[in-house]
Amino acid sequence: MTTSGAPAPASPPIRASEALQKKLAKIGLHSEADLLVHLPLRYEDETCITPVNRSFGNEPVQIEVVVQSNEIQFRPRRQMIVRAADESGEITLRFFSFYPNQQAALSEGSRIRAFGEVRGGFFGAEMVHPRFRKAGDDEPLPAELTPIYPTTAGLANSALQKLIGKALAVGDLSETLPEDLRQRLKLPGLARSLRFLHTPPPGTDLDTLHARNHPAWRRVKFDEVLAQQLSLRRAYLARREQGAPVLVARDDLGARLLDSLPFGLTGAQVRAMAEIGGDLAQPYPMQRLLQGDVGAGKTIVAALAACQAISAGWQAAFMAPTEILAEQHYLKLKDWLEPLGVKVAWLSGSLKTKAKREQLAATAAEAQLVVGTHALIQDGVDFARLGLAIVDEQHRFGVAQRLALRKKGDNPHQLMMSATPIPRTLAMSYYADLDVTVLDELPPGRTPIKTRLVADNRRDDVVGFVRKAVEEGRQAYWVCPLIEESEVLQLQTAQETYDFLFEQFSGLTVGLVHGRLKADEKQAVMAAFAAGEIDVLVATTVIEVGVDVPNASLMVIEHAERFGLSQLHQLRGRVGRGQYESSCVLIYAGPLGEVARQRLKIIFENTDGFEIARQDLQIRGPGEFVGARQSGVPLLRYADLEMDADLVEMARNVAEEMLTEHLDLAERHLKRWLGSREELLRS
Ligand code: ADP
Ligand code: MG
């Protein structure tokens with residue numbers, strides 16, 4: 001932290017029995033402040049009672065009935081069947097799981113209020129698993145809607161409601177937004193908003209509450225997003241306090257690399273290089289994410305960054321998630337840089353003998369650029385002067401692995417690359433502690449990839465497409481069905497696909513590559529494919545990332561409906577890398593489920609990875625994108641990145657302002673929203 005405000009006092013712990021505290025802790029409730037921001041999932045209207053004979057309908061209702069009988073049945077499955085009635089009629093309450101105390105509460109003669117949806121069952125009106133409680137003869141109805149809180153087994157909603165009610169009465173509801181800011185943002189006060197959401201006044205419209213666009217909800221969501229932004233922003237500033245080598249080029253290595261290329265940089269690449277080059281020359285560590293759709297040309301940008309480090313007298317490391325990809329990078333970088341006198345070394349996990357590894361580790365100490373897999377971060381690999389750590393396909397690595405690479409040097413600069421385009425709001429939200437550069441332009445001369453959807457029973461057509469491509473001198477990938485459940489089955493399927501195609505394509509050379517091959521076997525196959533010695537490469541998703549064979553113009557994906565969207569997009573991106581017209585054939589097996597149909601439609605209609613990612617986010621939520629990042633980054637409980645995108649933008653700016661001008665408010669805000677979880681973030 002740059003400036004130190006007085007640490008905000010911790011919120012008092014919840015006063016409750018030890019047993020209750022344990023249950024509360026399970027759902028993250030430790031302090032009074034936690035209770036205050038534990039908001040209802042939804043509300044139920046228990047302000048009135050509906051007679052049983054008028055209770056049918058889609059809306060849940062409250063009835064008040066007297067229990068007439070209570071019996072446990074064992075067939076067809078264990079259940080408690082309670083028959084009850086009011087003056088207007090009879091109803092059955094059915095429970096498939098219940099505690100003894102619930103059974104006791106529902107004994108004959110008890111008067112209860114039950115809340116739920118009423119359906120017509122075999123015995124007439126029926127409620128399945130209603131929420132219920134005992135009712136006194138003339139107990140008044142609540143005047144307010146009942147908030148229903150997220151909870152855990154054995155923790156009753158009413159208990160939570162009581163605790164939260166107490167916290168509302170005595171707890172700290174003080175404002176943490178500066179008043180002028182709050183007014184500028186047109187947000188209601190915090191105390192008012194929390195009271196409203198925990199205890200909405202009678203007559204509040206249920207639909208607005210449930211839709212979560214009421215101003216009170218917006219206020220809470222804003223505060224939540226703001227806490228996240230503050231936290232990430234603070235981590236960002238803290239990093240700036242650390243020193244890093246100033247990497248200023250001392251010769252024209254970068255320029256010579258550019259001169260030797262058969263192409264010129266795109267505008268986006270030039271801009272990216274300017275940003276990265278500027279960062280590297282700073283005395284604090286860069287932490288920049290270079291995002292670009294598949295084929296956008298991230299590798300050359302990384303190579304130029306490495307040149308800057310090398311010509312400043314430092315080493316660069318380039319880590320990739322798979323052997324195949326790492327080796328491709330190695331070969332390409334060697335090709336580019338060795339003629340310019342740069343020492344490039346290769347380090348991979350498959351290097352067997354200890355002696356061999358040691359020798360390579362020694363090379364790592366001397367080489368100017370070291371390329372490899374996670375072997376780079378093993379013990380015994382020591383860099384003499386690591387100035388820049390480059391991580392390709394960064395989302396494939398965990399936080400710990402990226403950290404380990406950083407530890408190989410003394411705060412080296414970090415360049416992370418990703419072809420999984422992260423939608424803007426998500427990037428702003430979960431990656432706010434990184435600087436982000438986007439390559440938003442593909443190199444010129446690429447022919448757009450044509451995508452076809454073909455039903456399973458038209459496979460013969462696809463075989464025809466492949467033959468044609470090969471006759472024209474091109475090559476094809478044939479990606480096997482994904483079988484996530486079993487690696488053995490996956491392997492078997494790959495082998496079967498290979499056998500089938502081997503027969504179909506007599507006269508052509510067919511190769512097979514899958515994850516179970518030894519690393520050197522994999523590389524041999526890939527090298528043969530790259531050299532044009534294999535016409536059709538049958539592959540599992542091992543070829544998903546980064547592989548670059550410009551002569552390959554056709555990508556066939558079997559059982560495309562089983563793949564995720566970003567996976568399909570990545571796979572498709574393996575073609576269209578040269579000047580040839582390329583296409584991607586998605587073979588699907590019907591009947592398709594709704595989500596699968598939607599996915600295939602998206603990939604069929606879109607070529608822009610960002611647009612695909614945005615739509616994917618809508619279908620699936622952020623989990624997948626955030627991936628390895630998740631640990632350490634507070635997930636949002638209330639805000640929705642799609643729906644509340646504007647709040648994320650607002651919060652980002654406000655966070656900056658608060659950290660410079662209202663540090664004590666920022667501290668209190670963080671305490672309230674993140675509490676003890678904040679510590680996690682900083683570790
Ligand atoms: P990705 O961003 O997916 O990692 P690569 O760096 O592998 O993309 O680049 C894809 C292909 O485009 C490579 O063959 C690369 O040499 C080529 N390339 C990169 N930049 C340009 C450019 N400005 N003009 C033409 N080709 C380029
Ligand atoms: Mg790449």
# chains A, B, ... in the order shown; residues from 1 in each chain; ligands from 1

$ residues_near_ligand --ligand "ligand 1" --cutoff "10 Å" --atoms "only C-alpha atoms and all ligand atoms" --output "ChimeraX atom specification"
/A:261-270,290-303,325,328-329,332,392-393,417-420,439,441-446,545-550,570,573-574,576-579

$ residues_around --residues "range 394-407 of chain A" --least-positions-apart "2" --cutoff "7 Å" --atoms "only C-alpha atoms" --output "PDB file with N, CA and C atoms, in the first residue's frame"
ATOM      1  N   PRO A 321       2.065 -23.679 -22.042  1.00  0.00           N
ATOM      2  CA  PRO A 321       1.428 -24.736 -21.255  1.00  0.00           C
ATOM      3  C   PRO A 321       1.619 -26.160 -21.772  1.00  0.00           C
ATOM      4  N   ILE A 377       9.992 -23.729 -14.276  1.00  0.00           N
ATOM      5  CA  ILE A 377       9.845 -23.301 -12.879  1.00  0.00           C
ATOM      6  C   ILE A 377      10.260 -24.386 -11.895  1.00  0.00           C
ATOM      7  N   ALA A 389       9.623 -12.252 -17.750  1.00  0.00           N
ATOM      8  CA  ALA A 389       8.985 -13.571 -17.800  1.00  0.00           C
ATOM      9  C   ALA A 389       7.752 -13.475 -18.677  1.00  0.00           C
ATOM     10  N   VAL A 391       4.490 -15.459 -20.287  1.00  0.00           N
ATOM     11  CA  VAL A 391       3.661 -16.650 -20.102  1.00  0.00           C
ATOM     12  C   VAL A 391       2.615 -16.690 -21.204  1.00  0.00           C
ATOM     13  N   ASP A 392       2.699 -17.707 -22.040  1.00  0.00           N
ATOM     14  CA  ASP A 392       1.721 -17.809 -23.116  1.00  0.00           C
ATOM     15  C   ASP A 392       0.509 -18.582 -22.615  1.00  0.00           C
ATOM     16  N   GLY A 409      13.374 -14.810 -10.723  1.00  0.00           N
ATOM     17  CA  GLY A 409      14.161 -13.599 -10.869  1.00  0.00           C
ATOM     18  C   GLY A 409      13.854 -12.694  -9.689  1.00  0.00           C
ATOM     19  N   ASP A 410      14.437 -11.528  -9.709  1.00  0.00           N
ATOM     20  CA  ASP A 410      14.186 -10.585  -8.640  1.00  0.00           C
ATOM     21  C   ASP A 410      13.159  -9.597  -9.183  1.00  0.00           C
ATOM     22  N   ASN A 411      11.872  -9.906  -8.978  1.00  0.00           N
ATOM     23  CA  ASN A 411      10.814  -9.072  -9.556  1.00  0.00           C
ATOM     24  C   ASN A 411      10.965  -8.795 -11.042  1.00  0.00           C
ATOM     25  N   PRO A 412      11.026  -9.820 -11.846  1.00  0.00           N
ATOM     26  CA  PRO A 412      11.114  -9.555 -13.289  1.00  0.00           C
ATOM     27  C   PRO A 412       9.806  -8.953 -13.802  1.00  0.00           C
ATOM     28  N   MET A 416       1.907 -11.524 -19.875  1.00  0.00           N
ATOM     29  CA  MET A 416       1.057 -12.700 -19.989  1.00  0.00           C
ATOM     30  C   MET A 416       0.253 -12.584 -21.268  1.00  0.00           C
ATOM     31  N   MET A 417       0.061 -13.712 -21.910  1.00  0.00           N
ATOM     32  CA  MET A 417      -0.668 -13.651 -23.177  1.00  0.00           C
ATOM     33  C   MET A 417      -1.853 -14.596 -23.127  1.00  0.00           C
ATOM     34  N   SER A 418      -2.903 -14.205 -23.795  1.00  0.00           N
ATOM     35  CA  SER A 418      -4.063 -15.074 -23.813  1.00  0.00           C
ATOM     36  C   SER A 418      -4.836 -14.913 -25.107  1.00  0.00           C
ATOM     37  N   GLY A 627     -11.279 -18.935 -14.491  1.00  0.00           N
ATOM     38  CA  GLY A 627     -10.397 -20.081 -14.401  1.00  0.00           C
ATOM     39  C   GLY A 627      -9.466 -20.040 -13.211  1.00  0.00           C
ATOM     40  N   ALA A 628      -8.216 -20.171 -13.500  1.00  0.00           N
ATOM     41  CA  ALA A 628      -7.219 -20.274 -12.444  1.00  0.00           C
ATOM     42  C   ALA A 628      -7.144 -19.002 -11.601  1.00  0.00           C
ATOM     43  N   ARG A 629      -7.674 -17.938 -12.134  1.00  0.00           N
ATOM     44  CA  ARG A 629      -7.624 -16.674 -11.426  1.00  0.00           C
ATOM     45  C   ARG A 629      -8.435 -16.733 -10.144  1.00  0.00           C
TER      46      ARG A 629
END

$ closest_residue --among "A:Ser69, A:Thr437, A:Gln229, A:Asn213" --to "Ile81 in chain A" --atoms "only C-alpha atoms"
A:Ser69

$ residues_around --residues "Thr541 in chain A" --least-positions-apart "3" --cutoff "10 Å" --atoms "only C-alpha atoms" --output "count of residues only"
15

$ residues_around --residues "Arg113 in chain A" --least-positions-apart "6" --cutoff "10 Å" --atoms "only C-alpha atoms" --output "list in words"
Glu46, Ile49, Gln62, Ile63, Glu64, Val65, Val66, Pro130, Arg131, Phe132, Arg133, Lys134, Ala135 and Gly136 of chain A

$ select_by_dssp --residues "range 490-601 of chain A" --states "strand (DSSP E)" --output "PDB file with N, CA and C atoms, in the first residue's frame"
ATOM      1  N   VAL A 510      -1.887 -40.316 -43.201  1.00  0.00           N
ATOM      2  CA  VAL A 510      -2.693 -39.925 -42.049  1.00  0.00           C
ATOM      3  C   VAL A 510      -1.840 -40.080 -40.786  1.00  0.00           C
ATOM      4  N   GLY A 511      -1.857 -39.070 -39.947  1.00  0.00           N
ATOM      5  CA  GLY A 511      -1.083 -39.133 -38.700  1.00  0.00           C
ATOM      6  C   GLY A 511      -2.018 -39.057 -37.508  1.00  0.00           C
ATOM      7  N   LEU A 512      -1.513 -39.445 -36.370  1.00  0.00           N
ATOM      8  CA  LEU A 512      -2.333 -39.396 -35.148  1.00  0.00           C
ATOM      9  C   LEU A 512      -1.520 -38.781 -34.021  1.00  0.00           C
ATOM     10  N   VAL A 513      -2.132 -37.813 -33.347  1.00  0.00           N
ATOM     11  CA  VAL A 513      -1.459 -37.244 -32.182  1.00  0.00           C
ATOM     12  C   VAL A 513      -2.465 -37.093 -31.046  1.00  0.00           C
ATOM     13  N   VAL A 536      -3.341 -35.629 -43.415  1.00  0.00           N
ATOM     14  CA  VAL A 536      -4.468 -35.484 -42.493  1.00  0.00           C
ATOM     15  C   VAL A 536      -3.988 -35.837 -41.096  1.00  0.00           C
ATOM     16  N   LEU A 537      -4.116 -34.896 -40.194  1.00  0.00           N
ATOM     17  CA  LEU A 537      -3.679 -35.152 -38.829  1.00  0.00           C
ATOM     18  C   LEU A 537      -4.889 -35.383 -37.938  1.00  0.00           C
ATOM     19  N   VAL A 538      -5.020 -36.621 -37.478  1.00  0.00           N
ATOM     20  CA  VAL A 538      -6.090 -36.936 -36.537  1.00  0.00           C
ATOM     21  C   VAL A 538      -5.567 -36.549 -35.155  1.00  0.00           C
ATOM     22  N   ALA A 539      -6.366 -35.793 -34.430  1.00  0.00           N
ATOM     23  CA  ALA A 539      -5.824 -35.249 -33.181  1.00  0.00           C
ATOM     24  C   ALA A 539      -6.890 -35.122 -32.115  1.00  0.00           C
ATOM     25  N   ALA A 552      -2.113 -25.801 -43.419  1.00  0.00           N
ATOM     26  CA  ALA A 552      -3.333 -26.519 -43.045  1.00  0.00           C
ATOM     27  C   ALA A 552      -4.520 -25.590 -43.259  1.00  0.00           C
ATOM     28  N   SER A 553      -5.469 -26.044 -44.090  1.00  0.00           N
ATOM     29  CA  SER A 553      -6.573 -25.133 -44.428  1.00  0.00           C
ATOM     30  C   SER A 553      -7.934 -25.689 -44.043  1.00  0.00           C
ATOM     31  N   LEU A 554      -7.959 -26.915 -43.546  1.00  0.00           N
ATOM     32  CA  LEU A 554      -9.258 -27.497 -43.205  1.00  0.00           C
ATOM     33  C   LEU A 554      -9.232 -28.090 -41.803  1.00  0.00           C
ATOM     34  N   MET A 555     -10.203 -27.718 -41.042  1.00  0.00           N
ATOM     35  CA  MET A 555     -10.320 -28.235 -39.674  1.00  0.00           C
ATOM     36  C   MET A 555     -11.653 -28.953 -39.549  1.00  0.00           C
ATOM     37  N   VAL A 556     -11.606 -30.226 -39.230  1.00  0.00           N
ATOM     38  CA  VAL A 556     -12.840 -30.975 -39.021  1.00  0.00           C
ATOM     39  C   VAL A 556     -12.941 -31.290 -37.534  1.00  0.00           C
ATOM     40  N   ILE A 557     -14.072 -31.002 -36.953  1.00  0.00           N
ATOM     41  CA  ILE A 557     -14.250 -31.299 -35.530  1.00  0.00           C
ATOM     42  C   ILE A 557     -15.452 -32.223 -35.370  1.00  0.00           C
ATOM     43  N   SER A 583     -11.404 -23.560 -44.183  1.00  0.00           N
ATOM     44  CA  SER A 583     -12.718 -23.784 -43.614  1.00  0.00           C
ATOM     45  C   SER A 583     -12.680 -24.738 -42.438  1.00  0.00           C
ATOM     46  N   CYS A 584     -13.755 -24.657 -41.688  1.00  0.00           N
ATOM     47  CA  CYS A 584     -13.884 -25.455 -40.490  1.00  0.00           C
ATOM     48  C   CYS A 584     -15.222 -26.182 -40.587  1.00  0.00           C
ATOM     49  N   VAL A 585     -15.182 -27.486 -40.447  1.00  0.00           N
ATOM     50  CA  VAL A 585     -16.403 -28.275 -40.541  1.00  0.00           C
ATOM     51  C   VAL A 585     -16.745 -28.820 -39.159  1.00  0.00           C
ATOM     52  N   LEU A 586     -17.889 -28.442 -38.687  1.00  0.00           N
ATOM     53  CA  LEU A 586     -18.323 -28.926 -37.379  1.00  0.00           C
ATOM     54  C   LEU A 586     -19.325 -30.050 -37.587  1.00  0.00           C
ATOM     55  N   ILE A 587     -18.924 -31.250 -37.244  1.00  0.00           N
ATOM     56  CA  ILE A 587     -19.838 -32.382 -37.371  1.00  0.00           C
ATOM     57  C   ILE A 587     -20.570 -32.539 -36.048  1.00  0.00           C
ATOM     58  N   TYR A 588     -21.888 -32.591 -36.120  1.00  0.00           N
ATOM     59  CA  TYR A 588     -22.625 -32.742 -34.873  1.00  0.00           C
ATOM     60  C   TYR A 588     -23.543 -33.951 -34.940  1.00  0.00           C
TER      61      TYR A 588
END

$ decode --residues "range 355-395 of chain A" --atoms "N, CA and C atoms" --output "short mmCIF file (atom, residue, chain, number, x, y, z; two decimals), in the first residue's frame"
data_model
loop_
_atom_site.label_atom_id
_atom_site.label_comp_id
_atom_site.auth_asym_id
_atom_site.auth_seq_id
_atom_site.Cartn_x
_atom_site.Cartn_y
_atom_site.Cartn_z
N ALA A 355 21.42 -35.82 -15.68
CA ALA A 355 22.60 -35.14 -16.22
C ALA A 355 22.19 -34.18 -17.34
N LYS A 356 21.29 -34.69 -18.16
CA LYS A 356 20.84 -33.89 -19.29
C LYS A 356 20.12 -32.63 -18.79
N ARG A 357 19.29 -32.88 -17.78
CA ARG A 357 18.55 -31.74 -17.23
C ARG A 357 19.49 -30.72 -16.61
N GLU A 358 20.49 -31.27 -15.92
CA GLU A 358 21.44 -30.35 -15.27
C GLU A 358 22.17 -29.50 -16.30
N GLN A 359 22.53 -30.19 -17.37
CA GLN A 359 23.25 -29.47 -18.41
C GLN A 359 22.37 -28.35 -18.96
N LEU A 360 21.09 -28.69 -19.13
CA LEU A 360 20.20 -27.68 -19.66
C LEU A 360 19.93 -26.56 -18.68
N ALA A 361 19.89 -26.95 -17.41
CA ALA A 361 19.71 -25.92 -16.40
C ALA A 361 20.88 -24.95 -16.45
N ALA A 362 22.05 -25.52 -16.71
CA ALA A 362 23.23 -24.66 -16.83
C ALA A 362 23.07 -23.73 -18.01
N THR A 363 22.56 -24.29 -19.10
CA THR A 363 22.32 -23.46 -20.28
C THR A 363 21.36 -22.33 -19.92
N ALA A 364 20.33 -22.71 -19.14
CA ALA A 364 19.35 -21.70 -18.75
C ALA A 364 20.01 -20.53 -18.05
N ALA A 365 21.05 -20.86 -17.31
CA ALA A 365 21.72 -19.79 -16.58
C ALA A 365 22.46 -18.85 -17.53
N GLU A 366 22.86 -19.39 -18.68
CA GLU A 366 23.64 -18.57 -19.60
C GLU A 366 22.85 -18.00 -20.76
N ALA A 367 21.81 -18.75 -21.18
CA ALA A 367 21.10 -18.35 -22.39
C ALA A 367 20.45 -16.99 -22.21
N GLN A 368 20.21 -16.35 -23.33
CA GLN A 368 19.56 -15.04 -23.26
C GLN A 368 18.05 -15.17 -23.30
N LEU A 369 17.60 -16.21 -24.00
CA LEU A 369 16.16 -16.49 -24.02
C LEU A 369 15.96 -17.98 -23.77
N VAL A 370 15.16 -18.30 -22.77
CA VAL A 370 14.89 -19.70 -22.46
C VAL A 370 13.42 -19.98 -22.71
N VAL A 371 13.15 -20.98 -23.54
CA VAL A 371 11.78 -21.31 -23.88
C VAL A 371 11.46 -22.69 -23.30
N GLY A 372 10.27 -22.87 -22.78
CA GLY A 372 9.94 -24.18 -22.25
C GLY A 372 8.55 -24.28 -21.68
N THR A 373 8.29 -25.45 -21.12
CA THR A 373 7.02 -25.68 -20.44
C THR A 373 7.20 -25.30 -18.97
N HIS A 374 6.32 -25.82 -18.11
CA HIS A 374 6.48 -25.53 -16.69
C HIS A 374 7.79 -26.08 -16.13
N ALA A 375 8.54 -26.82 -16.98
CA ALA A 375 9.88 -27.24 -16.57
C ALA A 375 10.72 -26.03 -16.17
N LEU A 376 10.38 -24.89 -16.72
CA LEU A 376 11.11 -23.66 -16.40
C LEU A 376 11.06 -23.31 -14.93
N ILE A 377 9.99 -23.73 -14.28
CA ILE A 377 9.85 -23.30 -12.88
C ILE A 377 10.26 -24.39 -11.90
N GLN A 378 10.84 -25.48 -12.41
CA GLN A 378 11.32 -26.53 -11.51
C GLN A 378 12.50 -26.06 -10.68
N ASP A 379 12.69 -26.78 -9.58
CA ASP A 379 13.88 -26.53 -8.78
C ASP A 379 15.11 -26.85 -9.62
N GLY A 380 16.15 -26.16 -9.36
CA GLY A 380 17.38 -26.47 -10.07
C GLY A 380 17.54 -25.67 -11.35
N VAL A 381 16.47 -25.06 -11.78
CA VAL A 381 16.59 -24.17 -12.94
C VAL A 381 16.83 -22.76 -12.41
N ASP A 382 18.02 -22.28 -12.63
CA ASP A 382 18.33 -20.95 -12.09
C ASP A 382 18.70 -20.00 -13.20
N PHE A 383 18.09 -18.87 -13.15
CA PHE A 383 18.43 -17.84 -14.12
C PHE A 383 19.42 -16.89 -13.47
N ALA A 384 20.39 -16.47 -14.25
CA ALA A 384 21.36 -15.55 -13.69
C ALA A 384 20.74 -14.16 -13.54
N ARG A 385 20.07 -13.72 -14.56
CA ARG A 385 19.52 -12.35 -14.57
C ARG A 385 18.19 -12.32 -15.30
N LEU A 386 17.19 -12.89 -14.69
CA LEU A 386 15.90 -12.92 -15.37
C LEU A 386 15.23 -11.55 -15.29
N GLY A 387 15.04 -10.93 -16.43
CA GLY A 387 14.45 -9.59 -16.45
C GLY A 387 13.01 -9.57 -16.93
N LEU A 388 12.65 -10.59 -17.72
CA LEU A 388 11.30 -10.61 -18.29
C LEU A 388 10.78 -12.04 -18.34
N ALA A 389 9.62 -12.25 -17.75
CA ALA A 389 8.99 -13.57 -17.80
C ALA A 389 7.75 -13.47 -18.68
N ILE A 390 7.72 -14.28 -19.73
CA ILE A 390 6.58 -14.28 -20.64
C ILE A 390 5.80 -15.58 -20.44
N VAL A 391 4.49 -15.46 -20.29
CA VAL A 391 3.66 -16.65 -20.10
C VAL A 391 2.61 -16.69 -21.20
N ASP A 392 2.70 -17.71 -22.04
CA ASP A 392 1.72 -17.81 -23.12
C ASP A 392 0.51 -18.58 -22.62
N GLU A 393 -0.66 -18.26 -23.15
CA GLU A 393 -1.90 -18.93 -22.74
C GLU A 393 -2.00 -18.92 -21.22
N GLN A 394 -1.89 -17.75 -20.67
CA GLN A 394 -1.74 -17.63 -19.22
C GLN A 394 -2.87 -18.28 -18.42
N HIS A 395 -4.07 -18.33 -18.99
CA HIS A 395 -5.18 -18.90 -18.23
C HIS A 395 -5.00 -20.39 -18.00
#
